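Pasting protein_19.txt here (compact mmCIF, C-alpha atoms):
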# COMPACT_ATOMS: atom_id res chain seq x y z
CA MET D 322 16.46 27.10 -11.26
CA PHE D 323 13.17 27.47 -9.37
CA ASP D 324 10.92 30.50 -9.09
CA GLU D 325 10.25 31.94 -5.62
CA SER D 326 6.92 30.17 -5.17
CA THR D 327 8.32 26.76 -6.11
CA LEU D 328 11.39 27.28 -3.94
CA ALA D 329 9.22 28.19 -0.94
CA THR D 330 7.18 25.03 -1.48
CA LEU D 331 10.29 22.86 -1.64
CA VAL D 332 11.72 24.41 1.54
CA ALA D 333 8.47 23.88 3.46
CA CYS D 334 8.13 20.31 2.20
CA GLN D 335 11.67 19.43 3.30
CA GLU D 336 10.86 20.72 6.77
CA ALA D 337 7.79 18.47 6.88
CA LEU D 338 9.82 15.48 5.69
CA GLU D 339 12.71 16.24 8.06
CA TYR D 340 15.05 15.59 5.15
CA GLN D 341 17.24 18.10 3.32
CA PHE D 342 17.75 17.35 -0.35
CA LYS D 343 21.16 17.80 -1.88
CA GLU D 344 19.48 17.83 -5.29
CA PRO D 345 16.08 19.56 -4.85
CA HIS D 346 15.02 18.70 -8.38
CA TYR D 347 14.32 15.14 -7.16
CA LEU D 348 11.81 16.52 -4.67
CA ALA D 349 10.28 18.80 -7.30
CA SER D 350 9.73 15.77 -9.55
CA ALA D 351 8.19 13.78 -6.70
CA LEU D 352 5.69 16.58 -6.05
CA THR D 353 4.72 16.98 -9.71
CA HIS D 354 1.44 15.32 -10.61
CA SER D 355 0.93 14.34 -14.24
CA SER D 356 -1.84 16.96 -14.51
CA SER D 357 0.76 19.73 -14.19
CA ALA D 358 3.64 18.06 -16.07
CA VAL D 359 4.59 18.81 -19.66
CA THR D 360 4.78 15.06 -20.26
CA ARG D 361 4.15 12.07 -17.99
CA LEU D 362 7.88 11.30 -18.11
CA VAL D 363 8.59 14.40 -16.03
CA SER D 364 5.79 13.69 -13.52
CA ASN D 365 6.23 11.65 -10.34
CA GLU D 366 5.08 8.36 -11.88
CA ARG D 367 8.56 6.89 -12.43
CA LEU D 368 9.59 7.88 -8.91
CA GLU D 369 6.44 6.21 -7.59
CA PHE D 370 7.50 2.95 -9.27
CA LEU D 371 10.97 3.18 -7.69
CA GLY D 372 9.69 4.20 -4.26
CA ASP D 373 7.25 1.30 -4.11
CA ALA D 374 10.15 -1.15 -4.43
CA ILE D 375 12.33 0.70 -1.91
CA LEU D 376 9.49 0.82 0.64
CA GLY D 377 8.93 -2.91 0.30
CA LEU D 378 12.63 -3.67 0.71
CA VAL D 379 13.02 -1.53 3.83
CA ILE D 380 9.92 -2.97 5.50
CA VAL D 381 10.87 -6.57 4.67
CA ASP D 382 14.37 -5.98 6.08
CA MET D 383 12.91 -4.42 9.24
CA LEU D 384 10.43 -7.26 9.77
CA PHE D 385 13.09 -9.92 9.18
CA HIS D 386 15.33 -8.51 11.90
CA ARG D 387 12.64 -7.48 14.41
CA CYS D 388 10.35 -10.49 14.11
CA GLU D 389 12.74 -13.42 14.56
CA SER D 390 9.97 -15.71 15.83
CA LEU D 391 7.62 -15.20 12.86
CA MET D 392 7.42 -17.30 9.72
CA GLU D 393 7.10 -16.08 6.15
CA GLY D 394 3.30 -16.01 6.02
CA GLU D 395 2.94 -13.86 9.13
CA MET D 396 5.62 -11.43 7.99
CA THR D 397 4.02 -11.26 4.55
CA GLN D 398 0.71 -10.26 6.12
CA MET D 399 2.39 -7.54 8.20
CA LYS D 400 4.32 -6.24 5.21
CA SER D 401 1.15 -6.12 3.09
CA VAL D 402 -0.53 -3.87 5.66
CA ILE D 403 2.43 -1.55 6.23
CA VAL D 404 3.11 -0.89 2.52
CA SER D 405 -0.57 -0.78 1.52
CA ARG D 406 -2.11 2.14 -0.33
CA ALA D 407 -4.20 2.97 2.73
CA THR D 408 -1.09 3.24 4.93
CA CYS D 409 0.83 5.33 2.40
CA ASN D 410 -2.15 7.67 2.14
CA ARG D 411 -2.32 8.07 5.93
CA VAL D 412 1.39 8.83 6.17
CA SER D 413 1.12 11.48 3.43
CA ARG D 414 -1.82 13.09 5.19
CA SER D 415 -0.06 13.02 8.56
CA LEU D 416 2.75 15.05 6.99
CA HIS D 417 0.27 17.31 5.12
CA LEU D 418 2.06 16.55 1.86
CA GLU D 419 -1.03 17.48 -0.14
CA ASN D 420 -0.15 21.11 0.57
CA PHE D 421 3.05 20.85 -1.44
CA MET D 422 1.89 19.11 -4.61
CA PHE D 423 2.16 20.74 -8.02
CA LEU D 424 -1.25 20.10 -9.58
CA GLY D 425 -2.95 21.01 -12.81
CA LYS D 426 -5.84 23.41 -13.10
CA GLY D 427 -9.12 22.17 -11.69
CA MET D 428 -7.57 19.94 -9.04
CA GLU D 429 -8.16 20.96 -5.42
CA LYS D 430 -5.65 20.01 -2.74
CA ARG D 431 -8.47 19.64 -0.22
CA LYS D 432 -10.17 16.93 -2.29
CA LEU D 433 -7.29 14.76 -3.45
CA PRO D 434 -8.16 11.05 -3.64
CA PRO D 435 -6.35 8.62 -1.33
CA SER D 436 -4.70 6.86 -4.28
CA LEU D 437 -3.00 10.08 -5.38
CA LEU D 438 -1.56 10.70 -1.92
CA ALA D 439 -0.41 7.08 -1.70
CA ASN D 440 1.38 7.53 -5.02
CA LEU D 441 2.93 10.74 -3.72
CA GLN D 442 4.34 8.94 -0.66
CA GLU D 443 6.02 6.35 -2.85
CA ALA D 444 7.41 9.07 -5.13
CA ILE D 445 8.86 10.90 -2.13
CA ILE D 446 10.60 7.70 -1.03
CA GLY D 447 12.00 7.25 -4.54
CA ALA D 448 13.27 10.82 -4.57
CA ILE D 449 15.02 10.45 -1.20
CA TYR D 450 16.62 7.21 -2.39
CA LEU D 451 18.04 8.88 -5.49
CA ASP D 452 19.22 11.87 -3.51
CA GLY D 453 20.74 10.18 -0.47
CA GLY D 454 20.84 6.45 -1.11
CA LEU D 455 19.27 3.51 0.68
CA ASP D 456 20.33 4.58 4.17
CA ALA D 457 18.60 7.95 3.78
CA ALA D 458 15.46 6.29 2.42
CA ARG D 459 15.47 3.76 5.26
CA GLU D 460 15.84 6.48 7.89
CA TYR D 461 12.93 8.43 6.39
CA ILE D 462 10.65 5.39 6.05
CA LEU D 463 11.24 4.12 9.58
CA ARG D 464 10.56 7.61 10.94
CA ALA D 465 7.53 8.51 8.79
CA PHE D 466 5.93 5.05 9.06
CA HIS D 467 6.86 4.55 12.72
CA ASP D 468 3.33 4.69 14.15
CA GLU D 469 1.93 2.46 11.41
CA ILE D 470 4.73 -0.07 11.93
CA GLU D 471 4.25 -0.15 15.69
CA LYS D 472 0.50 -0.68 15.33
CA VAL D 473 1.12 -3.75 13.22
CA LEU D 474 3.89 -5.11 15.45
CA SER D 475 1.78 -4.63 18.57
CA GLY D 476 -0.84 -6.93 17.14
CA GLU D 477 -3.57 -4.38 16.53
CA PRO D 478 -6.18 -5.65 14.06
CA GLN D 479 -4.81 -5.50 10.56
CA SER D 480 -5.90 -8.67 8.81
CA ASN D 481 -8.55 -7.17 6.57
CA PHE D 482 -7.68 -9.27 3.57
CA LYS D 483 -10.70 -8.06 1.62
CA MET D 484 -9.29 -4.54 1.85
CA LEU D 485 -5.81 -5.69 0.84
CA LEU D 486 -7.14 -7.66 -2.11
CA GLN D 487 -9.29 -4.75 -3.22
CA GLN D 488 -6.28 -2.42 -3.14
CA TYR D 489 -4.25 -4.92 -5.17
CA ALA D 490 -7.04 -5.50 -7.70
CA GLN D 491 -7.70 -1.81 -8.23
CA ARG D 492 -4.02 -1.06 -8.67
CA HIS D 493 -3.17 -3.93 -11.03
CA TYR D 494 -6.48 -4.63 -12.78
CA HIS D 495 -8.53 -1.46 -12.21
CA GLN D 496 -11.35 -3.69 -11.01
CA THR D 497 -13.06 -4.60 -7.75
CA PRO D 498 -13.05 -8.25 -6.59
CA SER D 499 -16.38 -10.09 -6.73
CA TYR D 500 -17.43 -12.75 -4.21
CA ARG D 501 -19.74 -15.68 -4.95
CA VAL D 502 -21.26 -18.20 -2.54
CA LEU D 503 -20.60 -21.64 -4.00
CA GLU D 504 -22.10 -23.77 -1.26
CA GLN D 505 -23.70 -23.65 2.16
CA LYS D 506 -24.39 -26.34 4.70
CA GLY D 507 -25.63 -26.87 8.22
CA PRO D 508 -28.84 -25.90 10.04
CA ASP D 509 -30.20 -22.36 9.80
CA HIS D 510 -28.86 -21.38 13.23
CA SER D 511 -25.34 -22.64 12.41
CA ARG D 512 -24.90 -22.40 8.65
CA CYS D 513 -21.46 -22.40 7.01
CA PHE D 514 -20.64 -20.89 3.64
CA ARG D 515 -18.07 -21.59 0.93
CA VAL D 516 -17.10 -18.47 -1.01
CA GLN D 517 -14.91 -17.89 -4.03
CA VAL D 518 -13.43 -14.59 -5.10
CA GLN D 519 -12.79 -13.55 -8.70
CA VAL D 520 -10.68 -10.71 -10.07
CA SER D 521 -10.55 -9.83 -13.76
CA GLY D 522 -11.50 -13.36 -14.81
CA LEU D 523 -9.08 -15.00 -12.36
CA ARG D 524 -10.76 -17.39 -9.92
CA PHE D 525 -8.99 -18.15 -6.66
CA GLN D 526 -9.44 -21.12 -4.35
CA SER D 527 -12.63 -20.95 -2.33
CA ALA D 528 -12.79 -21.03 1.45
CA TRP D 529 -15.31 -21.93 4.14
CA GLY D 530 -16.44 -19.63 6.92
CA LYS D 531 -18.90 -19.66 9.82
CA ASN D 532 -20.75 -16.84 8.07
CA LYS D 533 -20.53 -15.04 4.73
CA LYS D 534 -18.31 -12.29 6.12
CA GLU D 535 -15.76 -14.74 7.50
CA ALA D 536 -15.86 -16.86 4.34
CA GLU D 537 -15.17 -13.79 2.21
CA GLN D 538 -12.21 -12.85 4.42
CA HIS D 539 -10.83 -16.37 4.14
CA ALA D 540 -11.34 -16.41 0.38
CA ALA D 541 -9.55 -13.06 0.07
CA GLU D 542 -6.68 -14.38 2.19
CA ASN D 543 -6.43 -17.40 -0.11
CA ALA D 544 -6.32 -15.07 -3.09
CA MET D 545 -3.53 -12.94 -1.58
CA ALA D 546 -1.56 -16.10 -0.80
CA GLN D 547 -1.91 -17.35 -4.39
CA ILE D 548 -0.96 -13.94 -5.78
CA GLU D 549 2.18 -14.06 -3.63
CA LYS D 550 2.83 -17.64 -4.85
CA ARG D 551 2.15 -19.24 -1.46
CA PRO D 552 -0.10 -22.22 -0.74
CA PRO D 553 -3.73 -21.32 0.09
CA VAL D 554 -4.25 -20.66 3.79
CA TYR D 555 -7.69 -22.31 3.82
CA PRO D 556 -7.61 -25.25 1.40
CA ALA D 557 -11.03 -26.62 0.51
CA ASP D 558 -11.47 -30.36 0.82
CA ASP D 559 -12.90 -30.75 -2.67
CA GLU D 560 -10.44 -28.55 -4.55
If you convert what's in this file into structure tokens, what do you get?
Amino acid sequence: MFDESTLATLVACQEALEYQFKEPHYLASALTHSSSAVTRLVSNERLEFLGDAILGLVIVDMLFHRCESLMEGEMTQMKSVIVSRATCNRVSRSLHLENFMFLGKGMEKRKLPPSLLANLQEAIIGAIYLDGGLDAAREYILRAFHDEIEKVLSGEPQSNFKMLLQQYAQRHYHQTPSYRVLEQKGPDHSRCFRVQVQVSGLRFQSAWGKNKKEAEQHAAENAMAQIEKRPPVYPADDE
């Protein structure tokens, strides 16, 4: 079914993943970038879609059972960080998965963009789910993402909502959020700012901050809350 080179790649990748596929063709599909596929239907894009959902489910289930004292908003923030594109990219790199990808001509494994490796991680999760079911996918995710999960649960800084919003905007709208100062007040030595963020023509509720940086973070957090259909975290008095 596979030539010697492909088979060797699949064997090495399974060792890195610490998971043995019953049906190796799922792994082969997960490793196949659209640049090397005959059609996009046989690339890893469909598996990426599936894996994204499985990753979210497993992390939500884990947070629900481990964080019994936290409310929805706090768990949502943790989940957003753990399943983010940046985290998926780091996990792929920690496992050196770039070495196993099937790429088209002109693409160098040493220079793969973070988004591609994030997509690859999700495709791997989708492949494991199809091959071994939810339990196998959960076991892999909790092992591969262990360090990232523990960092979040230990309270290490993770609330960079501007980063999270940018990742969301680039993925869903292929645009970067823009921030606009709507108002400022107070003396020069203690000035506050009200900032609004916009993505692809969508304007989200503005937020105040003690400086522009904080106001932008608050505005981004409001935007993420609205995207997730939650009330704004920092409601403005006049909105």
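The closest residue to D:Met484, picked from D:Leu437, D:Met545, D:Leu418, D:Ala351 and counting all atoms listed in the file, is D:Met545.
Pairwise distance (atom CA of D:Glu469, atom CA of D:Gly530) equals 29.1 Å.
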Polymer residues at most 9 Å from D:Gln496, only C-alpha atoms, same-chain spacing of 6 or more positions, as an mmCIF file with C-alpha atoms, in the coordinates of the input:
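Once written, around-v8.cif looks like this:
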data_model
loop_
_atom_site.group_PDB
_atom_site.id
_atom_site.type_symbol
_atom_site.label_atom_id
_atom_site.label_comp_id
_atom_site.auth_asym_id
_atom_site.auth_seq_id
_atom_site.Cartn_x
_atom_site.Cartn_y
_atom_site.Cartn_z
ATOM 1 C CA GLN D 487 -9.290 -4.750 -3.220
ATOM 2 C CA ALA D 490 -7.040 -5.500 -7.700
ATOM 3 C CA VAL D 520 -10.680 -10.710 -10.070
ATOM 4 C CA SER D 521 -10.550 -9.830 -13.760
#
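Shortest atom-to-atom contact with D:Gly425 among D:Asn543, D:Arg512, D:Ile470, D:His354: D:His354, counting only C-alpha atoms.
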Grab all the atoms of stretch 434-453 of chain D that the file lists, wrap them in a box along x, y and z, add 6 Å per side, and give me centre plus edge lengths in Å (one decimal) as AutoDock Vina command-line options.
--center_x 6.3 --center_y 9.1 --center_z -3.0 --size_x 40.9 --size_y 17.5 --size_z 17.0
Just the residues within 9 Å of D:Leu438, please, counting all atoms listed in the file, with nothing from its chain fewer than 6 positions along; format it as a list in words. Arg406, Cys409, Asn410, Arg411, Val412, Ser413, Arg414, Leu418 and Glu419 of chain D
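The gap separating atom CA of D:Gln526 from atom CA of D:Leu485 is 16.7 Å, in Å to one decimal.
Between atom CA of D:Trp529 and atom CA of D:Leu503 the interatomic distance comes to 9.7 Å.
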Have a look at D:Val502, D:Val404, D:Leu338, D:Ile446 and name the one nearest to D:Ala536; count only C-alpha atoms. D:Val502
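Within the 10 Å cut-off around D:Ile375, using only C-alpha atoms and omitting residues fewer than 2 positions from it on the same chain, the listed residues are Glu369, Phe370, Leu371, Gly372, Asp373, Gly377, Leu378, Val379, Ile380, Val381, Glu443, Ile446, Gly447, Tyr450, Leu455, Ala458, Arg459 and Ile462 of chain D.
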Kindly extract all protein, DNA and RNA residues lying within 12 Å of the coordinates (-9.1, -17.9, 3.4) given in the file, considering all atoms listed in the file, and supply them as a PDB file with C-alpha atoms, keeping the file's coordinate frame.
ATOM      1  CA  SER D 480      -5.900  -8.670   8.810  1.00  0.00           C
ATOM      2  CA  ASN D 481      -8.550  -7.170   6.570  1.00  0.00           C
ATOM      3  CA  PHE D 482      -7.680  -9.270   3.570  1.00  0.00           C
ATOM      4  CA  LYS D 483     -10.700  -8.060   1.620  1.00  0.00           C
ATOM      5  CA  LEU D 486      -7.140  -7.660  -2.110  1.00  0.00           C
ATOM      6  CA  PHE D 514     -20.640 -20.890   3.640  1.00  0.00           C
ATOM      7  CA  ARG D 515     -18.070 -21.590   0.930  1.00  0.00           C
ATOM      8  CA  VAL D 516     -17.100 -18.470  -1.010  1.00  0.00           C
ATOM      9  CA  GLN D 517     -14.910 -17.890  -4.030  1.00  0.00           C
ATOM     10  CA  VAL D 518     -13.430 -14.590  -5.100  1.00  0.00           C
ATOM     11  CA  PHE D 525      -8.990 -18.150  -6.660  1.00  0.00           C
ATOM     12  CA  GLN D 526      -9.440 -21.120  -4.350  1.00  0.00           C
ATOM     13  CA  SER D 527     -12.630 -20.950  -2.330  1.00  0.00           C
ATOM     14  CA  ALA D 528     -12.790 -21.030   1.450  1.00  0.00           C
ATOM     15  CA  TRP D 529     -15.310 -21.930   4.140  1.00  0.00           C
ATOM     16  CA  GLY D 530     -16.440 -19.630   6.920  1.00  0.00           C
ATOM     17  CA  LYS D 531     -18.900 -19.660   9.820  1.00  0.00           C
ATOM     18  CA  LYS D 533     -20.530 -15.040   4.730  1.00  0.00           C
ATOM     19  CA  LYS D 534     -18.310 -12.290   6.120  1.00  0.00           C
ATOM     20  CA  GLU D 535     -15.760 -14.740   7.500  1.00  0.00           C
ATOM     21  CA  ALA D 536     -15.860 -16.860   4.340  1.00  0.00           C
ATOM     22  CA  GLU D 537     -15.170 -13.790   2.210  1.00  0.00           C
ATOM     23  CA  GLN D 538     -12.210 -12.850   4.420  1.00  0.00           C
ATOM     24  CA  HIS D 539     -10.830 -16.370   4.140  1.00  0.00           C
ATOM     25  CA  ALA D 540     -11.340 -16.410   0.380  1.00  0.00           C
ATOM     26  CA  ALA D 541      -9.550 -13.060   0.070  1.00  0.00           C
ATOM     27  CA  GLU D 542      -6.680 -14.380   2.190  1.00  0.00           C
ATOM     28  CA  ASN D 543      -6.430 -17.400  -0.110  1.00  0.00           C
ATOM     29  CA  ALA D 544      -6.320 -15.070  -3.090  1.00  0.00           C
ATOM     30  CA  MET D 545      -3.530 -12.940  -1.580  1.00  0.00           C
ATOM     31  CA  ALA D 546      -1.560 -16.100  -0.800  1.00  0.00           C
ATOM     32  CA  GLN D 547      -1.910 -17.350  -4.390  1.00  0.00           C
ATOM     33  CA  PRO D 552      -0.100 -22.220  -0.740  1.00  0.00           C
ATOM     34  CA  PRO D 553      -3.730 -21.320   0.090  1.00  0.00           C
ATOM     35  CA  VAL D 554      -4.250 -20.660   3.790  1.00  0.00           C
ATOM     36  CA  TYR D 555      -7.690 -22.310   3.820  1.00  0.00           C
ATOM     37  CA  PRO D 556      -7.610 -25.250   1.400  1.00  0.00           C
ATOM     38  CA  ALA D 557     -11.030 -26.620   0.510  1.00  0.00           C
TER      39      ALA D 557
END
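The residue that comes closest to D:Gln341, out of D:Gly394, D:Lys400, D:Ile449, D:Gln505 and on the basis of all atoms listed in the file, is D:Ile449.
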Closest of D:Thr330, D:Asn532, D:Gln442, D:Gln519 to D:Asn420, counting all atoms listed in the file, is D:Thr330
Kindly indicate which residue among D:Leu523, D:Ala465, D:Ala337, D:Leu352 lies nearest to D:Tyr494, using all atoms listed in the file for the distances. D:Leu523
Some atoms are missing, so please complete stretch 453-464 of chain D with all heavy atoms and return it as a PDB file, in the coordinates of the input.
ATOM      1  N   GLY D 453      19.870  10.523  -1.588  1.00  0.00           N
ATOM      2  CA  GLY D 453      20.740  10.180  -0.470  1.00  0.00           C
ATOM      3  C   GLY D 453      21.081   8.728  -0.315  1.00  0.00           C
ATOM      4  O   GLY D 453      21.791   8.351   0.625  1.00  0.00           O
ATOM      5  N   GLY D 454      20.544   7.866  -1.195  1.00  0.00           N
ATOM      6  CA  GLY D 454      20.840   6.450  -1.110  1.00  0.00           C
ATOM      7  C   GLY D 454      19.897   5.685  -0.205  1.00  0.00           C
ATOM      8  O   GLY D 454      18.972   6.245   0.389  1.00  0.00           O
ATOM      9  N   LEU D 455      20.165   4.393  -0.069  1.00  0.00           N
ATOM     10  CA  LEU D 455      19.270   3.510   0.680  1.00  0.00           C
ATOM     11  C   LEU D 455      19.219   3.868   2.159  1.00  0.00           C
ATOM     12  O   LEU D 455      18.153   3.784   2.780  1.00  0.00           O
ATOM     13  CB  LEU D 455      19.694   2.053   0.498  1.00  0.00           C
ATOM     14  CG  LEU D 455      18.806   1.000   1.153  1.00  0.00           C
ATOM     15  CD1 LEU D 455      17.371   1.102   0.651  1.00  0.00           C
ATOM     16  CD2 LEU D 455      19.360  -0.404   0.896  1.00  0.00           C
ATOM     17  N   ASP D 456      20.329   4.247   2.742  1.00  0.00           N
ATOM     18  CA  ASP D 456      20.330   4.580   4.170  1.00  0.00           C
ATOM     19  C   ASP D 456      19.415   5.770   4.464  1.00  0.00           C
ATOM     20  O   ASP D 456      18.693   5.780   5.460  1.00  0.00           O
ATOM     21  CB  ASP D 456      21.749   4.891   4.648  1.00  0.00           C
ATOM     22  CG  ASP D 456      22.603   3.635   4.775  1.00  0.00           C
ATOM     23  OD1 ASP D 456      22.021   2.536   4.811  1.00  0.00           O
ATOM     24  OD2 ASP D 456      23.838   3.756   4.828  1.00  0.00           O
ATOM     25  N   ALA D 457      19.468   6.773   3.597  1.00  0.00           N
ATOM     26  CA  ALA D 457      18.600   7.950   3.780  1.00  0.00           C
ATOM     27  C   ALA D 457      17.142   7.565   3.627  1.00  0.00           C
ATOM     28  O   ALA D 457      16.281   8.018   4.390  1.00  0.00           O
ATOM     29  CB  ALA D 457      18.970   9.037   2.775  1.00  0.00           C
ATOM     30  N   ALA D 458      16.846   6.729   2.624  1.00  0.00           N
ATOM     31  CA  ALA D 458      15.460   6.290   2.420  1.00  0.00           C
ATOM     32  C   ALA D 458      14.979   5.463   3.599  1.00  0.00           C
ATOM     33  O   ALA D 458      13.844   5.620   4.063  1.00  0.00           O
ATOM     34  CB  ALA D 458      15.360   5.478   1.126  1.00  0.00           C
ATOM     35  N   ARG D 459      15.845   4.580   4.117  1.00  0.00           N
ATOM     36  CA  ARG D 459      15.470   3.760   5.260  1.00  0.00           C
ATOM     37  C   ARG D 459      15.171   4.634   6.484  1.00  0.00           C
ATOM     38  O   ARG D 459      14.177   4.429   7.186  1.00  0.00           O
ATOM     39  CB  ARG D 459      16.579   2.770   5.599  1.00  0.00           C
ATOM     40  CG  ARG D 459      16.254   1.900   6.817  1.00  0.00           C
ATOM     41  CD  ARG D 459      17.406   0.995   7.210  1.00  0.00           C
ATOM     42  NE  ARG D 459      17.577  -0.089   6.248  1.00  0.00           N
ATOM     43  CZ  ARG D 459      18.576  -0.182   5.378  1.00  0.00           C
ATOM     44  NH1 ARG D 459      19.520   0.763   5.343  1.00  0.00           N
ATOM     45  NH2 ARG D 459      18.653  -1.200   4.543  1.00  0.00           N
ATOM     46  N   GLU D 460      16.040   5.598   6.733  1.00  0.00           N
ATOM     47  CA  GLU D 460      15.840   6.480   7.890  1.00  0.00           C
ATOM     48  C   GLU D 460      14.512   7.224   7.774  1.00  0.00           C
ATOM     49  O   GLU D 460      13.763   7.333   8.758  1.00  0.00           O
ATOM     50  CB  GLU D 460      16.989   7.483   7.982  1.00  0.00           C
ATOM     51  CG  GLU D 460      16.889   8.406   9.182  1.00  0.00           C
ATOM     52  CD  GLU D 460      18.047   9.397   9.257  1.00  0.00           C
ATOM     53  OE1 GLU D 460      19.083   9.162   8.597  1.00  0.00           O
ATOM     54  OE2 GLU D 460      17.902  10.408   9.976  1.00  0.00           O
ATOM     55  N   TYR D 461      14.199   7.713   6.586  1.00  0.00           N
ATOM     56  CA  TYR D 461      12.930   8.430   6.390  1.00  0.00           C
ATOM     57  C   TYR D 461      11.745   7.486   6.600  1.00  0.00           C
ATOM     58  O   TYR D 461      10.781   7.818   7.301  1.00  0.00           O
ATOM     59  CB  TYR D 461      12.861   9.051   5.001  1.00  0.00           C
ATOM     60  CG  TYR D 461      11.461   9.493   4.648  1.00  0.00           C
ATOM     61  CD1 TYR D 461      10.923  10.646   5.210  1.00  0.00           C
ATOM     62  CD2 TYR D 461      10.649   8.717   3.809  1.00  0.00           C
ATOM     63  CE1 TYR D 461       9.619  11.035   4.937  1.00  0.00           C
ATOM     64  CE2 TYR D 461       9.349   9.101   3.527  1.00  0.00           C
ATOM     65  CZ  TYR D 461       8.840  10.259   4.086  1.00  0.00           C
ATOM     66  OH  TYR D 461       7.548  10.640   3.834  1.00  0.00           O
ATOM     67  N   ILE D 462      11.783   6.321   5.974  1.00  0.00           N
ATOM     68  CA  ILE D 462      10.650   5.390   6.050  1.00  0.00           C
ATOM     69  C   ILE D 462      10.388   4.971   7.489  1.00  0.00           C
ATOM     70  O   ILE D 462       9.240   4.993   7.958  1.00  0.00           O
ATOM     71  CB  ILE D 462      10.924   4.150   5.175  1.00  0.00           C
ATOM     72  CG1 ILE D 462      10.881   4.534   3.687  1.00  0.00           C
ATOM     73  CG2 ILE D 462       9.913   3.041   5.461  1.00  0.00           C
ATOM     74  CD1 ILE D 462      11.410   3.454   2.765  1.00  0.00           C
ATOM     75  N   LEU D 463      11.431   4.593   8.203  1.00  0.00           N
ATOM     76  CA  LEU D 463      11.240   4.120   9.580  1.00  0.00           C
ATOM     77  C   LEU D 463      10.747   5.236  10.491  1.00  0.00           C
ATOM     78  O   LEU D 463      10.059   4.972  11.482  1.00  0.00           O
ATOM     79  CB  LEU D 463      12.539   3.516  10.107  1.00  0.00           C
ATOM     80  CG  LEU D 463      13.013   2.252   9.378  1.00  0.00           C
ATOM     81  CD1 LEU D 463      14.291   1.722  10.007  1.00  0.00           C
ATOM     82  CD2 LEU D 463      11.936   1.178   9.366  1.00  0.00           C
ATOM     83  N   ARG D 464      11.061   6.482  10.147  1.00  0.00           N
ATOM     84  CA  ARG D 464      10.560   7.610  10.940  1.00  0.00           C
ATOM     85  C   ARG D 464       9.121   7.951  10.547  1.00  0.00           C
ATOM     86  O   ARG D 464       8.237   8.051  11.394  1.00  0.00           O
ATOM     87  CB  ARG D 464      11.447   8.840  10.722  1.00  0.00           C
ATOM     88  CG  ARG D 464      10.979  10.066  11.518  1.00  0.00           C
ATOM     89  CD  ARG D 464      11.920  11.244  11.353  1.00  0.00           C
ATOM     90  NE  ARG D 464      11.959  11.762   9.998  1.00  0.00           N
ATOM     91  CZ  ARG D 464      12.978  11.629   9.157  1.00  0.00           C
ATOM     92  NH1 ARG D 464      14.062  10.970   9.538  1.00  0.00           N
ATOM     93  NH2 ARG D 464      12.926  12.144   7.937  1.00  0.00           N
TER      94      ARG D 464
END
